[in-house]
Structures are given as structure tokens and as C-alpha cells.
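K.L.:
Provided herewith is a single structure, encoded as C-alpha cells, for subsequent inquiry.
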Number of protein chains: 2
Amino acid sequence: MTKTSREKSIGDLPSAKFAAKAGEYYRNLQDRICATFESLDTGAKFERTNWQRPSDHRLKGGGRMRMMRGEVFEKVGVNFSHVWGTLKKESIPQIPGATESKGQFSACGISLVSHMRNPFTPIVHMNIRCMETSRLWFGGGADLTPTFPFDEDTQEFHAAMKAACDSYRPDAYTEYKEWCDRYFYLHHRKEPRGVGGIFFDDLNSKNADADLDFQRALGEALLHVYPRIVARRKDTPFTEADRDKLLHKRGRYVEFNLVYDRGTKFGFATDANPDAYLMSMPPVVKW
Amino acid sequence: MTKTSREKSIGDLPSAKFAAKAGEYYRNLQDRICATFESLDTGAKFERTNWQRPSDHRLKGGGRMRMMRGEVFEKVGVNFSHVWGTLKKESIPQIPGATESKGQFSACGISLVSHMRNPFTPIVHMNIRCMETSRLWFGGGADLTPTFPFDEDTQEFHAAMKAACDSYRPDAYTEYKEWCDRYFYLHHRKEPRGVGGIFFDDLNSKNADADLDFQRALGEALLHVYPRIVARRKDTPFTEADRDKLLHKRGRYVEFNLVYDRGTKFGFATDANPDAYLMSMPPVVKW
């Protein structure tokens with residue numbers, strides 16, 4: 001990956017101390033996730049798109065979109081962004097600490113969604129993010145969506161999430177697992193999105209370094225466990241009917257993302273780049 | 001089509017006089033649309049599903065779902081429903097005339113969305129509906145979404161819509177065409193859904209018979225013009241790249257329906273049957 005001047009401006013001109021520190025880890029994680037996924041595929045490489053807010057824009061910053069369409073990973077997006085500046089007037093009362101910061105904020109995060117060609121390989125989603133106003137808080141999570149659930153995969157994934165949570169505090173896994181089950185639920189279908197994982201938001205333990213360590217533990221856990229699951233399932237023989245079931249399952253994923261997902265709704269409500277926040281959309285879907 | 005006892009109960013037990021009268025036309029239109037579409041396809045037939053609210057449900061009524069997956073019509077849904085009863089307490093202030101009717105309402109409508117196999121044949125959407133509380137009003141419209149727009153099709157479609165509007169009142173077409181352009185717009189993409197048509201809501205001219213005649217004119221116009229466009233385009237030779245463009249255009253259709261469409265959002269907000277209000281989802285989609 002060539003480090004362009006655009007990229008440099010994102011990393012080297014942070015508006016807020018902690019978001020910049022978190023961003024450093026997120027970018028590093030993004031690089032390692034992409035390298036690992038490339039090593040699991042056959043010859044496919046991530047397409048790398050760096051973007052930056054125009055200099056006359058109310059907001060500053062930009063991001064690094066990484067997308068791969070391969071044999072194993074039919075479509076996978078790994079996005080990093082770091083945006084800062086002044087919130088719109090009407091948004092200030094809705095964001096904690098923004099009144100005190102006079103609307104100044106800095107937000108950065110990494111998100112990942114993988115749509116796999118083999119119907120027996122689950123989708124994984126991960127997002128970790130950091131927001132700074134006069135307050136500082138973290139959010140994120142990771143969850144698994146198989147078309148055909150295997151207990152072995154589910155247990156291994158949850159064990160990895162639990163280990164990351166346990167390194168943070170004893171009750172974290174139970175809380176964040178339940179939060180995940182509540183959040184990733186398709187109310188209109190009365191069905192869960194997948195087999196869960198963990199989800200958390202508004203995380204502010206007064207020890208930002210510990211919170212960031214927890215995010216690191218989550219990122220590392222994901223990077224460890226998901227490639228193992230992919231390696232185990234990617235060459236499983238499948239029929240047209242299996243593939244058809246996968247494509248219909250992806251329809252539920254689209255319904256969740258467009259109807260319920262906070263990140264996507266935030267994208268709709270702002271003038272964010274739809275190619276970035278809709279990178280999670282599956283490559284082929286059926287209804 | 002066999003007339004089941006379920007169906008009979010929908011037609012013969014209306015709660016409100018005018019919705020029942022409108023419903024009679026909607027059901028008749030549904031039958032004729034389905035027969036016409038079957039005649040344009042090769043051997044495919046509509047699958048017919050009648051549904052009814054359980055007798056212990058807060059709401060009464062039911063509907064007739066008609067879906068065909070054919071050669072020309074890759075997936076087309078034509079749905080009729082008529083539901084009545086008492087609105088939830090929290091919805092009453094939001095629905096005109098519902099406070100005066102103590103929450104009593106009767107709603108019926110027909111909706112149609114066609115996803116065509118040939119990339120040069122446009123999607124058509126039509127919806128006409130009638131709502132009765134202490135007030136009575138109508139809504140609806142029809143619009144065309146081509147992947148590859150042809151002036152001939154666009155002009156013929158708009159001419160048919162204009163003729164229906166002109167039979168109602170002189171300014172109707174201009175108003176409803178503009179309303180359609182405003183409504184069927186993907187704000188996050190900054191692009192229109194298709195080439196437009198007409199859209200109207202809260203229609204209450206104090207002459208309900210004239211309003212229903214306008215809906216009839218719209219229904220008949222659609223039934224006349226769309227089959228002509230389908231017949232003209234359905235056998236156009238196409239490449240894989242053309243088909244690919246169609247599948248991506250359908251992605252925009254999904255985005256509109258899940259993010260902006262009032263009918264779909266109403267479905268999400270109630271305990272309506274997702275198979276009914278999501279019948280408009282395309283059979284295969286790409287992002």
C-alpha cells in the first residue's frame with residue numbers, strides 16, 4: 001500500500017488526541033485484516049480507495065476504503081474513517097458532550113463486513129469506533145451470520161469474544177452478548193440476524209486507555225478467530241439449493257442494514273458517501 | 001380462481017361503505033392485471049395466497065396476494081388487502097379523522113410491482129388505496145423505472161397518466177407528476193428512482209365518487225399502457241453486461257423501498273405480514 005499525501009493528512013492532522021490514538025490502531029488493524037484475508041483467497045487483492053473531505057467542507061478528515069471481490073471472499077469491505085469538525089446545529093443537542101464542546105467533535109472507526117461465496121462460511125461483521133466531544137466514548141462489536149449454523153463455529157466465535165470481554169471486566173461478555181442479541185434482531189421478521197456476538201456503545205469507563213485496550217482485544221480476537229472459521233468452511237462442497245439459501249439469507253442482511261442499522265441510518269441522515277456506508281451490501285441477493 | 005370462504009368474508013363484511021366500494025374495483029382490477037400479465041408470459045401462472053387476520057386479532061380483514069415468477073415477468077406481485085378495526089392508541093392522533101371515529105378505520109388498496117427478466121423492459125409500480133375514518137381519502141400513483149430509458153416508453157407512459165389525470169381535473173397531472181418526482185427520489189444517492197409518473201395522497205375532493213372514478217381511470221390507464229411497453233421490449237436481445245446493469249439498478253429499488261417507501265415503513269411499524277409488504281423486493285439483486 002502506498003502512503004499517499006491524502007492518507008498522511010488523515011493520520012497526522014488529528015483534531016483530538018484520543019481519537020487519533022485509536023485511529024492509529026484502527027488503521028493498523030485494517031492493514032492486517034486485509035493482508036490476512038488476501039492470504040486466504042486465491043490471487044484476489046483489495047482495491048484501495050482513499051478519500052478526503054474537500055478543503056472547503058464544514059468537516060475535515062477522510063478515510064481509507066478497502067474492498068475485495070475474490071473467490072473465497074465474494075465481497076468484503078474493510079473501511080477506516082476519521083472525520084472531525086463542527087456538528088450541525090440541530091445535531092448538537094443529540095450528541096453527548098457536544099454542547100460543552102460547542103459542537104466540536106472527532107470520530108473515527110473501522111468497520112468490516114464479509115460476504116463469502118461458500119454458503120457454509122458465515123458472514124462476519126465487526127465495527128469499533130471512538131467519538132470525542134467534551135466527552136470521550138467508544139462503541140463497537142462483532143457478530144456472526146451463518147446461513148447454515150455450525151455449533152463449532154458459533155462456540156469458537158463466542159469464546160473469542162468472551163476472552164476479549166473477560167480481559168476488560170468480568171460482566172462485560174454477558175452484557176454485550178445480550179445487547180448484541182437485542183440489537184441485531186429483525187423485528188418485522190421476528191428473527192435474529194445471526195448467531196450473535198457482542199455489541200456495546202457509549203462505553204466510557206473513565207479509563208480511556210483501558211477502553212481502548214478492550215477495543216484492541218476485540219480487534220485481535222476477530223483477526224484470530226474468523227480466519228480459522230473461513231479456512232475450515234471455504235472448500236465445503238455445496239449445491240445450487242445451498243447457494244440459493246445463502247442468497248435469500250443475504251436478503252435479511254440487506255433488510256437489517258437498510259432498516260435498523262444505526263451506522264447506515266446515520267449515513268442516510270448526513271451527506272456521507274453512500275459507496276462507503278453501503279459497502280456492507282452483499283454482492284448478489286435474492287428475495 | 002376459486003372464491004374461498006375467506007375471500008368472501010373480506011368482500012362481504014366491510015366495516016365502511018366506501019372502502020368496500022373501492023375494494024370491489026381493486027379486486028376486479030387485480031384479477032384483470034393478473035390475467036393480462038399471464039397472457040404476456042409463457043405458461044407461468046400467478047400463485048394465489050389468501051390471508052385473513054385471526055378472529056381474535058385487534059384488526060379484521062385480510063387480503064389476496066398474487067405472485068408470478070415467469071419467463072418475461074421474473075417476479076411480479078399484485079396484492080390486494082382490506083383491513084379494518086380500531087387503531088392503536090398511539091396511532092390515533094397521527095391519522096386524520098381518527099380521533100373523531102374513536103380509532104375506527106377501514107383501509108383497502110391494491111399494489112403492483114413488476115421485475116422483468118429483460119433488462120430493456122422497465123419495472124412498473126402502481127398503488128391505489130382508500131382510507132376511511134370519520135373522513136375518507138384516497139392515495140396512489142404509478143411510476144416507471146427503466147434500467148435503460150427509452151423516450152418512446154417514457155412518453156407513452158406519461159401520456160397515459162396525463163389522460164387519466166385530465167379526466168379528473170385540469171391541473172392534476174402537473175401536480176401529481178411533480179409530487180412523484182419529489183417522492184421517488186433517493187436522497188442519499190442524489191438520484192431519481194426512475195422516469196417518474198404520478199403520485200398523490202390525502203385526496204379528498206368532497207366528491208368521493210369522482211375521486212374513485214379517478215382511481216379507476218389510473219388503474220385502466222396502467223392496464224392499457226404497461227402491457228404495450230412489455231410487448232415492445234420483452235424480446236430485445238441483451239448481453240450479460242446489460243443484465244448486470246439491471247441487477248444493480250434493482251439495488252437502488254431495494255434501497256428506496258426499505259429506506260423511504262411509506263407503505264413499507266408502515267409495514268415495519270405494524271405487525272403486518274412481511275411477505276405481503278415485501279413482495280415488491282426484486283428476485284435477484286446486485287451491489
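Convention: chains lettered A, B, ... in C-alpha cells order; per-chain residue numbering from 1; ligands numbered from 1 as shown.
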Can you pull out every residue within 9 Å of range 81-93 of chain B, counting only C-alpha atoms, but drop anything in the same chain fewer than 5 positions away, and send it as a tab-separated table (two decimals) with N, CA and C atoms, in the first residue's frame?

P.N.:
```
chain	number	residue	atom	x	y	z
B	10	ILE	N	-63.97	-11.21	3.21
B	10	ILE	CA	-63.34	-9.90	3.02
B	10	ILE	C	-64.26	-8.98	2.25
B	11	GLY	N	-64.88	-9.53	1.20
B	11	GLY	CA	-65.71	-8.69	0.35
B	11	GLY	C	-67.06	-8.37	0.96
B	14	PRO	N	-67.58	-5.64	4.95
B	14	PRO	CA	-66.83	-4.40	5.10
B	14	PRO	C	-67.35	-3.61	6.30
B	15	SER	N	-66.47	-2.87	6.87
B	15	SER	CA	-66.88	-2.07	8.02
B	15	SER	C	-67.34	-0.70	7.56
B	16	ALA	N	-66.91	-0.34	6.37
B	16	ALA	CA	-67.16	1.03	5.95
B	16	ALA	C	-67.62	1.00	4.49
B	19	ALA	N	-64.92	2.27	1.46
B	19	ALA	CA	-63.76	1.40	1.29
B	19	ALA	C	-64.20	0.10	0.63
B	20	ALA	N	-65.40	-0.36	0.96
B	20	ALA	CA	-65.90	-1.60	0.36
B	20	ALA	C	-66.14	-1.41	-1.14
B	23	GLY	N	-62.87	-1.25	-2.78
B	23	GLY	CA	-62.28	-2.59	-2.75
B	23	GLY	C	-62.82	-3.47	-3.87
B	27	ARG	N	-60.25	-5.30	-6.44
B	27	ARG	CA	-60.18	-6.76	-6.65
B	27	ARG	C	-60.40	-7.11	-8.11
B	51	TRP	N	-55.15	-14.45	2.64
B	51	TRP	CA	-54.84	-14.46	4.07
B	51	TRP	C	-55.91	-13.66	4.82
B	53	ARG	N	-56.86	-12.01	8.90
B	53	ARG	CA	-56.50	-11.81	10.29
B	53	ARG	C	-57.17	-12.88	11.15
B	58	ARG	N	-56.94	-7.80	17.00
B	58	ARG	CA	-57.47	-6.45	17.13
B	58	ARG	C	-58.06	-5.96	15.81
B	59	LEU	N	-57.45	-6.35	14.70
B	59	LEU	CA	-57.91	-5.91	13.39
B	59	LEU	C	-58.62	-7.04	12.65
B	60	LYS	N	-59.52	-6.66	11.78
B	60	LYS	CA	-60.22	-7.65	10.96
B	60	LYS	C	-59.78	-7.49	9.51
B	61	GLY	N	-60.20	-8.43	8.70
B	61	GLY	CA	-59.94	-8.32	7.27
B	61	GLY	C	-58.85	-9.26	6.81
B	62	GLY	N	-58.36	-8.99	5.60
B	62	GLY	CA	-57.35	-9.86	5.03
B	62	GLY	C	-56.97	-9.39	3.65
B	63	GLY	N	-56.47	-10.30	2.85
B	63	GLY	CA	-56.03	-9.89	1.52
B	63	GLY	C	-55.84	-11.04	0.57
B	64	ARG	N	-55.54	-10.64	-0.65
B	64	ARG	CA	-55.26	-11.63	-1.70
B	64	ARG	C	-53.90	-11.30	-2.30
B	65	MET	N	-52.89	-12.11	-2.00
B	65	MET	CA	-51.57	-11.92	-2.59
B	65	MET	C	-51.51	-12.73	-3.88
B	98	ALA	N	-59.26	10.20	12.85
B	98	ALA	CA	-59.33	9.00	13.69
B	98	ALA	C	-59.76	9.32	15.12
B	99	THR	N	-59.46	10.54	15.58
B	99	THR	CA	-59.92	10.92	16.91
B	99	THR	C	-61.45	10.94	16.92
B	102	LYS	N	-63.10	7.61	16.97
B	102	LYS	CA	-62.66	6.79	18.11
B	102	LYS	C	-61.71	5.66	17.68
B	103	GLY	N	-60.88	5.97	16.68
B	103	GLY	CA	-59.88	5.00	16.24
B	103	GLY	C	-60.37	4.02	15.19
B	104	GLN	N	-61.70	4.02	14.93
B	104	GLN	CA	-62.23	3.11	13.92
B	104	GLN	C	-61.72	3.51	12.53
B	105	PHE	N	-61.30	2.52	11.75
B	105	PHE	CA	-60.85	2.81	10.39
B	105	PHE	C	-61.13	1.61	9.48
B	106	SER	N	-61.07	1.89	8.20
B	106	SER	CA	-61.15	0.84	7.19
B	106	SER	C	-60.18	1.27	6.08
B	107	ALA	N	-59.30	0.38	5.69
B	107	ALA	CA	-58.29	0.72	4.68
B	107	ALA	C	-58.22	-0.39	3.66
B	108	CYS	N	-58.29	-0.02	2.39
B	108	CYS	CA	-58.04	-1.06	1.40
B	108	CYS	C	-57.24	-0.50	0.24
B	109	GLY	N	-56.58	-1.40	-0.47
B	109	GLY	CA	-55.73	-0.95	-1.55
B	109	GLY	C	-55.23	-2.10	-2.39
B	110	ILE	N	-54.69	-1.73	-3.55
B	110	ILE	CA	-54.04	-2.70	-4.43
B	110	ILE	C	-52.66	-2.15	-4.77
```

K.L.:
Taking only C-alpha atoms into account, what are the residues of chain A at most 12 Å from chain B, put as a PyMOL selection string?

P.N.:
chain A and resi 69+74-76+115+186-191+244+247-248+250-252+254-261+264-287

K.L.:
Where does DSSP see alpha helix (DSSP H) in range 127-193 of chain A, if you list the residues as a list of chain:residue names?

P.N.:
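The alpha helix (DSSP H) subset of range 127-193 of chain A is A:Asp151, A:Glu152, A:Asp153, A:Thr154, A:Gln155, A:Glu156, A:Phe157, A:His158, A:Ala159, A:Ala160, A:Met161, A:Lys162, A:Ala163, A:Ala164, A:Cys165, A:Asp166, A:Ala172, A:Tyr173, A:Thr174, A:Glu175, A:Tyr176, A:Lys177, A:Glu178, A:Trp179, A:Cys180, A:Asp181, A:Arg182, A:Tyr183.
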
K.L.:
Contacts of range 39-43 of chain A at 8 Å or less, counting only C-alpha atoms, minus same-chain residues fewer than 6 places along, as a ChimeraX atom specification?

P.N.:
/A:70-73,227,231

K.L.:
Dump N, CA and C atoms for the selected residues as a PDB file, in the first residue's frame?

P.N.:
```pdb
ATOM      1  N   GLY A  70     -13.267 -11.519  -4.395  1.00  0.00           N
ATOM      2  CA  GLY A  70     -12.395 -12.646  -4.698  1.00  0.00           C
ATOM      3  C   GLY A  70     -13.159 -13.935  -4.893  1.00  0.00           C
ATOM      4  N   GLU A  71     -12.443 -15.042  -4.783  1.00  0.00           N
ATOM      5  CA  GLU A  71     -13.051 -16.361  -4.949  1.00  0.00           C
ATOM      6  C   GLU A  71     -13.672 -16.834  -3.643  1.00  0.00           C
ATOM      7  N   VAL A  72     -12.938 -16.650  -2.557  1.00  0.00           N
ATOM      8  CA  VAL A  72     -13.415 -17.084  -1.241  1.00  0.00           C
ATOM      9  C   VAL A  72     -14.279 -15.974  -0.637  1.00  0.00           C
ATOM     10  N   PHE A  73     -13.716 -14.772  -0.626  1.00  0.00           N
ATOM     11  CA  PHE A  73     -14.454 -13.589  -0.183  1.00  0.00           C
ATOM     12  C   PHE A  73     -15.168 -13.017  -1.414  1.00  0.00           C
ATOM     13  N   PRO A 227     -10.558 -15.978  10.529  1.00  0.00           N
ATOM     14  CA  PRO A 227      -9.809 -16.732   9.514  1.00  0.00           C
ATOM     15  C   PRO A 227      -9.818 -18.250   9.756  1.00  0.00           C
ATOM     16  N   ALA A 231     -11.160 -20.785   6.969  1.00  0.00           N
ATOM     17  CA  ALA A 231     -10.310 -21.875   6.485  1.00  0.00           C
ATOM     18  C   ALA A 231     -11.027 -23.223   6.610  1.00  0.00           C
TER      19      ALA A 231
END
```

K.L.:
Name all residues at most 10 Å from Leu218 in chain A (count only C-alpha atoms; drop same-chain ones fewer than 2 positions away) and give them as a list in words.

P.N.:
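Here the qualifying residues turn out to be Met126, Asn127, Ile128, Gly140, Gly141, Ala142, Ala160, Met161, Lys162, Ala163, Ala164, Cys165, Ser167, Ile198, Leu212, Asp213, Phe214, Gln215, Arg216, Glu220, Ala221, Leu222, Leu223 and His224 of chain A.
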
K.L.:
Create the file for the chosen residues now, containing N, CA and C atoms and written as a CSV table (one decimal), in the first residue's frame.

P.N.:
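Contents of result_14.csv, freshly written:
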```csv
chain,number,residue,atom,x,y,z
A,126,MET,N,-17.8,-6.6,11.9
A,126,MET,CA,-17.1,-6.0,13.1
A,126,MET,C,-17.0,-4.5,12.9
A,127,ASN,N,-17.2,-3.8,14.0
A,127,ASN,CA,-17.1,-2.4,14.0
A,127,ASN,C,-16.5,-1.9,15.3
A,128,ILE,N,-15.5,-1.1,15.3
A,128,ILE,CA,-15.1,-0.4,16.5
A,128,ILE,C,-14.9,1.0,16.2
A,140,GLY,N,-18.9,-0.4,19.6
A,140,GLY,CA,-18.4,-1.4,18.6
A,140,GLY,C,-19.1,-2.8,18.9
A,141,GLY,N,-18.4,-3.8,18.3
A,141,GLY,CA,-18.9,-5.2,18.4
A,141,GLY,C,-18.6,-6.0,17.2
A,142,ALA,N,-18.9,-7.3,17.3
A,142,ALA,CA,-18.7,-8.2,16.2
A,142,ALA,C,-19.7,-9.3,16.3
A,160,ALA,N,-14.0,-16.6,21.6
A,160,ALA,CA,-13.0,-15.5,21.3
A,160,ALA,C,-13.6,-14.1,21.8
A,161,MET,N,-14.9,-13.9,21.6
A,161,MET,CA,-15.5,-12.6,22.1
A,161,MET,C,-15.4,-12.6,23.6
A,162,LYS,N,-15.7,-13.7,24.2
A,162,LYS,CA,-15.7,-13.8,25.7
A,162,LYS,C,-14.3,-13.5,26.3
A,163,ALA,N,-13.3,-14.1,25.6
A,163,ALA,CA,-12.0,-13.8,26.1
A,163,ALA,C,-11.6,-12.4,26.0
A,164,ALA,N,-12.0,-11.7,24.9
A,164,ALA,CA,-11.7,-10.3,24.8
A,164,ALA,C,-12.5,-9.5,25.9
A,165,CYS,N,-13.7,-9.8,26.1
A,165,CYS,CA,-14.5,-9.1,27.2
A,165,CYS,C,-13.9,-9.4,28.6
A,167,SER,N,-11.0,-9.9,29.5
A,167,SER,CA,-9.8,-9.1,29.7
A,167,SER,C,-10.1,-7.7,30.1
A,198,ILE,N,-21.0,-9.8,20.2
A,198,ILE,CA,-21.1,-8.8,21.2
A,198,ILE,C,-21.4,-7.4,20.6
A,212,LEU,N,-9.7,1.5,25.3
A,212,LEU,CA,-9.0,1.3,24.0
A,212,LEU,C,-8.3,-0.1,24.0
A,213,ASP,N,-7.8,-0.5,25.2
A,213,ASP,CA,-7.3,-1.9,25.2
A,213,ASP,C,-8.3,-2.9,25.0
A,214,PHE,N,-9.5,-2.7,25.4
A,214,PHE,CA,-10.6,-3.6,25.2
A,214,PHE,C,-10.9,-3.7,23.7
A,215,GLN,N,-10.9,-2.5,23.0
A,215,GLN,CA,-11.2,-2.5,21.6
A,215,GLN,C,-10.1,-3.3,20.9
A,216,ARG,N,-8.8,-3.1,21.3
A,216,ARG,CA,-7.7,-3.8,20.8
A,216,ARG,C,-7.9,-5.3,20.9
A,220,GLU,N,-8.2,-8.0,17.9
A,220,GLU,CA,-7.3,-9.1,17.8
A,220,GLU,C,-8.0,-10.4,17.8
A,221,ALA,N,-9.1,-10.5,18.6
A,221,ALA,CA,-9.9,-11.7,18.7
A,221,ALA,C,-10.5,-12.0,17.4
A,222,LEU,N,-11.1,-11.0,16.7
A,222,LEU,CA,-11.7,-11.2,15.4
A,222,LEU,C,-10.7,-11.6,14.4
A,223,LEU,N,-9.5,-11.0,14.4
A,223,LEU,CA,-8.5,-11.3,13.5
A,223,LEU,C,-7.9,-12.8,13.7
A,224,HIS,N,-8.1,-13.2,14.9
A,224,HIS,CA,-7.6,-14.6,15.2
A,224,HIS,C,-8.7,-15.6,14.8
```

K.L.:
Might you pull out every residue within 10 Å of range 195-197 of chain B, with only C-alpha atoms counted and same-chain residues fewer than 5 positions away left off, and present them as an NGL selection string?

P.N.:
:B and (122 or 124-126 or 141-147 or 149-151 or 153-155 or 157-162 or 173 or 176-185)
